[in-house]
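Engineer: My structure is below; once you've seen it, I'll send some questions.
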Amino acid sequence: MEVEINSQSVIIENLVNRYILNYCVLIDIPLNIKRIVLVASGSSYNASLFGKYFFENISNVEASCEYASEIAHSSFTNFDKDALYIFISQSGNSVDTVLAMEKIKELNLRTLCITNNENSKLYNACDYKFDIKAGQERAIAATKTFGASVVMLWIIALKIAQNKQIDISSHIENIISIRKNIEDVISDIENLDVVSKILSKQNGFSICGFQEYYPLSKEAALKIKEICYINTCAYPLGEFIHGHFALLNKTKVLLVFLTSDCTNLERNLLKKILKTYKVKSIVVSDEYEDYDCDVLLKFPKCQSKIATIISLIIVIQVLAFKTAMRLKRNVDKPQGLNKVVDDKDLK
C-alpha cells in the first residue's frame with residue numbers, strides 16, 4: 001500500500017502528459033453532452049462525486065452519481081436518453097458496475113468507462129474508454145487507482161468545457177508542477193504522527209468537508225474503515241450541524257478539511273460545532289490559521305485546485321496507512337475484504 005501511495009506522483013504526471021498538450025485536451029468524447037450520470041461502487045463511487053463537482057463547476061454540465069448496485073438490481077428502465085453514462089471501476093470487472101453497464105447498453109444509451117484494465121468487460125463494451133495505466137494495484141484498498149481516476153475525470157471535464165468554448169487555461173496553468181506537489185506532500189505532512197496516534201485510540205469519529213471536500217471525507221472514512229477497522233462517518237460540513245453532530249456527545253474526535261480557499265461559512269460552522277461540544281478537533285489544511293482546533297494537520301500549499309485535491313487525497317491515504325500500522329493491521333490484505341469482480345463475490 002505504501003509503495004502504491006508513493007507511485008501516484010509519476011502515474012498522475014504521466015496521465016496529464018498523455019492527454020494535455022499546450023493547454024489543449026487531447027481525448028475523444030461525445031459532443032453535445034447535456035447531462036452526465038456517473039455509476040460506480042466503493043472508492044470509485046467517491047471518485048465519481050469529484051467528477052460531479054468537476055462537470056458542474058468546470059464544464060457547466062448537470063451531473064449525478066449512482067451506486068452501481070442500485071442501477072444493476074433495479075427494475076427501473078426509464079433512463080435519460082440524452083445522458084452520457086460514465087462507469088468507473090479499477091478492475092473493469094466489478095460485478096455491480098458491469099451489470100449496470102449491461103443494462104444501460106441494452107437501452108442503446110451512450111457509455112464511457114474509466115478503468116485500470118484494458119482487458120476487462122467494461123473496457124471492451126463501452127463506447128468511449130480510458131485506461132488510467134496505473135499498473136496492477138496489489139493492495140486491496142484503492143490508492144493509486146483512486147487518485148488517477150479523479151484526475152481522469154478532471155481531464156474529461158476539461159475536454160467538455162473545451163468543446164463548449166469555455167476557457168480552461170486557468171485550470172491547466174500550474175498543472176506541470178503536480179508531480180512535485182505530490183512528492184512534497186508525501187514528505188512533509190506536519191503532525192502526522194500526532195494525528196495517527198489520536199485516531200488509533202478511537203472506536204469511532206466523524207469526518208466533515210464542504211462541497212468538493214465532502215467526497216474527500218467519504219473516501220477518508222472508507223480508507224480508515226477498510227484498513228483500520230474504525231467506525232468513521234462522513235458528512236457535508238453544513239449538513240453535520242442538522243442533528244448529526246449530536247454524535248459528538250459520545251465520540252471524542254472530529255476531523256475537518258479546511259483549506260486556504262475556504263469561506264467564512266466553513267470557519268463559522270466549525271466554530272459553532274466546537275462551541276457546542278467539547279471534542280478533540282483536527283483540521284486538515286494547507287495554511288497556518290487560527291481554526292481554534294486542537295491539532296492542525298498541515299500539508300504544503302499548491303498553486304492549482306486539482307493539485308490541492310490530489311494532495312489531500314495523498315494526505316488521507318498516508319494518514320489511514322499510518323493509523324493502521326499503529327494498530328498492527330495488515331494494510332495490504334485487510335481482514336474479510338476482497339475485490340468484488342465476480343457474481344460469486346456477492347453470494
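How things are named: the first chain in the C-alpha cells is A, the next is B, and so on; residues count from 1 in each chain; ligands count from 1 in the order shown.
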Stretch 140-154 of chain A: which residues within 7 Å, counting only C-alpha atoms, same-chain residues fewer than 4 positions away excluded, as a list in words?
Structural biologist: Glu4, Ile5, Gln8, Ile12, Ser43, Ser44, Ala47, Phe50, Gly51, Phe54, Gln90, Ile114, Ile132, Ala134, Leu158, Lys223, Glu226, Ile310, Ile313, Gln317, Asp332, Lys333, Asn338 and Lys339 of chain A
Engineer: Take the selection from the previous step and output its residues with N, CA and C atoms, as a short mmCIF file (atom, residue, chain, number, x, y, z; two decimals), in the first residue's frame.
Structural biologist:
```cif
data_model
loop_
_atom_site.label_atom_id
_atom_site.label_comp_id
_atom_site.auth_asym_id
_atom_site.auth_seq_id
_atom_site.Cartn_x
_atom_site.Cartn_y
_atom_site.Cartn_z
N GLU A 4 2.32 1.91 -3.39
CA GLU A 4 1.32 2.37 -4.35
C GLU A 4 0.90 3.82 -4.07
N ILE A 5 0.87 4.22 -2.81
CA ILE A 5 0.62 5.64 -2.49
C ILE A 5 1.73 6.51 -3.09
N GLN A 8 1.98 7.52 -7.01
CA GLN A 8 0.97 8.36 -7.66
C GLN A 8 1.54 9.59 -8.34
N ILE A 12 0.18 10.07 -12.09
CA ILE A 12 -0.66 11.23 -12.42
C ILE A 12 0.05 12.16 -13.39
N SER A 43 -14.63 3.02 -3.56
CA SER A 43 -13.79 4.19 -3.80
C SER A 43 -14.09 4.83 -5.15
N SER A 44 -14.44 4.00 -6.15
CA SER A 44 -14.77 4.55 -7.46
C SER A 44 -16.00 5.44 -7.39
N ALA A 47 -14.81 8.70 -6.14
CA ALA A 47 -14.20 9.42 -7.26
C ALA A 47 -15.27 10.07 -8.12
N PHE A 50 -16.28 13.47 -7.01
CA PHE A 50 -15.38 14.51 -7.51
C PHE A 50 -15.73 14.85 -8.95
N GLY A 51 -16.03 13.81 -9.75
CA GLY A 51 -16.42 14.03 -11.14
C GLY A 51 -17.62 14.94 -11.25
N PHE A 54 -16.47 18.43 -10.80
CA PHE A 54 -15.74 18.92 -11.97
C PHE A 54 -16.69 19.24 -13.12
N GLN A 90 -11.76 0.17 -11.09
CA GLN A 90 -10.32 -0.05 -11.26
C GLN A 90 -10.05 -1.35 -12.01
N ILE A 114 -13.94 4.44 -17.19
CA ILE A 114 -12.60 4.73 -16.67
C ILE A 114 -12.18 3.50 -15.88
N ILE A 132 -6.40 4.24 -17.15
CA ILE A 132 -5.57 5.18 -16.38
C ILE A 132 -4.12 4.71 -16.27
N ALA A 134 -2.33 2.75 -14.31
CA ALA A 134 -1.69 2.90 -13.01
C ALA A 134 -0.86 1.69 -12.62
N LEU A 158 -12.50 18.95 -18.42
CA LEU A 158 -11.82 20.00 -19.20
C LEU A 158 -12.14 19.88 -20.68
N LYS A 223 -11.35 4.60 3.71
CA LYS A 223 -9.99 4.08 3.88
C LYS A 223 -9.75 3.65 5.33
N GLU A 226 -11.64 0.49 6.05
CA GLU A 226 -11.09 -0.67 5.34
C GLU A 226 -9.84 -1.24 6.00
N ILE A 310 -5.68 16.48 -5.14
CA ILE A 310 -4.83 15.28 -5.15
C ILE A 310 -3.94 15.24 -3.91
N ILE A 313 -5.95 13.96 -1.12
CA ILE A 313 -6.14 12.52 -1.28
C ILE A 313 -4.92 11.77 -0.74
N GLN A 317 -4.73 9.13 2.52
CA GLN A 317 -4.20 7.77 2.33
C GLN A 317 -3.04 7.50 3.28
N ASP A 332 -2.27 -4.47 3.47
CA ASP A 332 -2.38 -4.96 2.09
C ASP A 332 -3.50 -5.98 1.93
N LYS A 333 -3.80 -6.69 3.01
CA LYS A 333 -4.86 -7.70 2.96
C LYS A 333 -5.76 -7.56 4.18
N ASN A 338 -12.10 -8.19 -0.05
CA ASN A 338 -11.58 -8.64 -1.33
C ASN A 338 -12.20 -7.77 -2.42
N LYS A 339 -11.66 -7.83 -3.61
CA LYS A 339 -12.19 -7.05 -4.72
C LYS A 339 -13.37 -7.82 -5.32
#
```
Engineer: Excluding A:His171 and any residue of its chain fewer than 5 positions from it, enumerate the residues within 8 Å of it, using only C-alpha atoms, and give them as a PyMOL selection string.
Structural biologist: chain A and resi 304-306
Engineer: Could you turn the residues from that selection into a file that holds N, CA and C atoms, as a PDB file, in the first residue's frame?
Structural biologist:
```
ATOM      1  N   SER A 304      -2.734  25.037  -7.763  1.00  0.00           N
ATOM      2  CA  SER A 304      -3.923  24.745  -8.572  1.00  0.00           C
ATOM      3  C   SER A 304      -4.919  23.940  -7.759  1.00  0.00           C
ATOM      4  N   LYS A 305      -6.190  24.023  -8.146  1.00  0.00           N
ATOM      5  CA  LYS A 305      -7.247  23.325  -7.419  1.00  0.00           C
ATOM      6  C   LYS A 305      -7.079  21.818  -7.506  1.00  0.00           C
ATOM      7  N   ILE A 306      -6.793  21.306  -8.694  1.00  0.00           N
ATOM      8  CA  ILE A 306      -6.665  19.854  -8.851  1.00  0.00           C
ATOM      9  C   ILE A 306      -5.473  19.335  -8.049  1.00  0.00           C
TER      10      ILE A 306
END
```
Engineer: If you run DSSP on the backbone here, which positions in stretch 58-299 of chain A get alpha helix (DSSP H)? Please write them as a VMD selection string.
Structural biologist: chain A and resid 68 to 72 95 to 106 121 to 125 144 to 163 169 to 172 178 to 187 192 to 200 213 to 228 237 to 240 264 to 276
Engineer: Counting only C-alpha atoms, which residue out of A:Gln202, A:Ala68, A:Ser41, A:Lys298 sits closest to A:Ile316?
Structural biologist: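 Nearest to A:Ile316: A:Lys298.
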Engineer: Any idea what's packed within 12 Å of A:Leu21, counting only C-alpha atoms, ignoring anything in its chain fewer than 4 positions away? Could you give it as a PyMOL selection string?
Structural biologist: chain A and resi 14-17+25-27+155+169+172-173+175-176
Engineer: Please save N, CA and C atoms of the selected residues as a tab-separated table (two decimals), in the first residue's frame.
Structural biologist:
```
chain	number	residue	atom	x	y	z
A	14	ASN	N	2.14	11.21	-15.69
A	14	ASN	CA	2.03	10.55	-16.99
A	14	ASN	C	0.63	10.72	-17.59
A	15	LEU	N	-0.38	10.65	-16.75
A	15	LEU	CA	-1.76	10.79	-17.21
A	15	LEU	C	-1.99	12.19	-17.78
A	16	VAL	N	-1.51	13.19	-17.08
A	16	VAL	CA	-1.65	14.58	-17.54
A	16	VAL	C	-0.88	14.79	-18.84
A	17	ASN	N	0.35	14.30	-18.91
A	17	ASN	CA	1.17	14.49	-20.11
A	17	ASN	C	0.59	13.74	-21.32
A	25	VAL	N	-6.75	19.73	-24.46
A	25	VAL	CA	-7.04	18.37	-24.01
A	25	VAL	C	-7.26	17.48	-25.22
A	26	LEU	N	-6.50	16.39	-25.30
A	26	LEU	CA	-6.49	15.54	-26.49
A	26	LEU	C	-7.15	14.19	-26.20
A	27	ILE	N	-8.44	14.18	-26.06
A	27	ILE	CA	-9.17	12.92	-25.88
A	27	ILE	C	-10.42	12.94	-26.75
A	155	ILE	N	-9.83	15.63	-16.36
A	155	ILE	CA	-9.42	15.80	-17.76
A	155	ILE	C	-10.65	15.74	-18.67
A	169	SER	N	-7.82	27.55	-19.48
A	169	SER	CA	-6.39	27.80	-19.26
A	169	SER	C	-6.06	27.95	-17.78
A	172	ILE	N	-5.45	24.61	-16.11
A	172	ILE	CA	-4.27	23.87	-16.55
A	172	ILE	C	-2.97	24.59	-16.21
A	173	GLU	N	-3.07	25.86	-15.87
A	173	GLU	CA	-1.90	26.75	-15.79
A	173	GLU	C	-0.74	26.18	-14.99
A	175	ILE	N	-0.45	22.96	-13.81
A	175	ILE	CA	-0.51	21.51	-13.72
A	175	ILE	C	0.86	20.86	-13.92
A	176	ILE	N	1.78	21.57	-14.54
A	176	ILE	CA	3.11	21.00	-14.80
A	176	ILE	C	3.84	20.65	-13.50
```
Engineer: List the spatial neighbours of stretch 93-104 of chain A as an MDAnalysis selection string - criterion: any atom at most 7 Å away, only C-alpha atoms, same-chain residues fewer than 2 positions off excluded.
Structural biologist: chainID A and resid 39:40 68:69 71:72 87 89 91 106:109 120:122 340:343
Engineer: Quick one: residues within 12 Å of A:Asp188, only C-alpha atoms, excluding same-chain residues fewer than 6 positions away - as a compact mmCIF listing (two decimals) with C-alpha atoms, in the first residue's frame?
Structural biologist:
```
# COMPACT_ATOMS: atom_id res chain seq x y z
CA LYS A 180 6.40 17.92 -7.31
CA ASN A 181 3.25 18.86 -5.36
CA ILE A 182 2.52 15.20 -4.64
CA ASP A 286 -2.57 23.93 3.65
CA LEU A 297 -2.62 18.52 10.10
CA LYS A 298 -0.82 20.72 7.59
CA PHE A 299 0.37 19.87 4.07
CA PRO A 300 2.28 22.04 1.55
CA LYS A 301 0.19 24.58 -0.37
CA SER A 311 -2.60 16.44 -2.28
CA ILE A 314 -2.49 11.67 -0.55
CA VAL A 315 -2.84 13.06 2.98
CA VAL A 318 -0.98 8.30 4.29
```
Engineer: Quick one: residues within 10 Å of A:Ser260, only C-alpha atoms counted, chain neighbours fewer than 6 positions away excluded, as a PyMOL selection string?
Structural biologist: chain A and resi 285-289+301-302+308
Engineer: Tell me which protein, DNA and RNA residues are within 8 Å of A:Leu38, counting only C-alpha atoms, leaving out same-chain ones fewer than 4 positions away, and put them as a PyMOL selection string.
Structural biologist: chain A and resi 48+51-52+63-66+85-88
Engineer: Among the residues of stretch 47-164 of chain A, find those DSSP assigns to strand (DSSP E or B) from the backbone and print them as a ChimeraX atom specification.
Structural biologist: /A:62-67,83-89,110-115,128-131
Engineer: What does the structure give for the distance between atom CA of A:Leu112 and atom CA of A:Phe76, in Å to one decimal?
Structural biologist: 20.6 Å
Engineer: Using only C-alpha atoms, can you tell me which of A:Lys280, A:Arg329, A:Arg110, A:Arg138 comes closest to A:Val195?
Structural biologist: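 Smallest distance to A:Val195 is found for A:Lys280.
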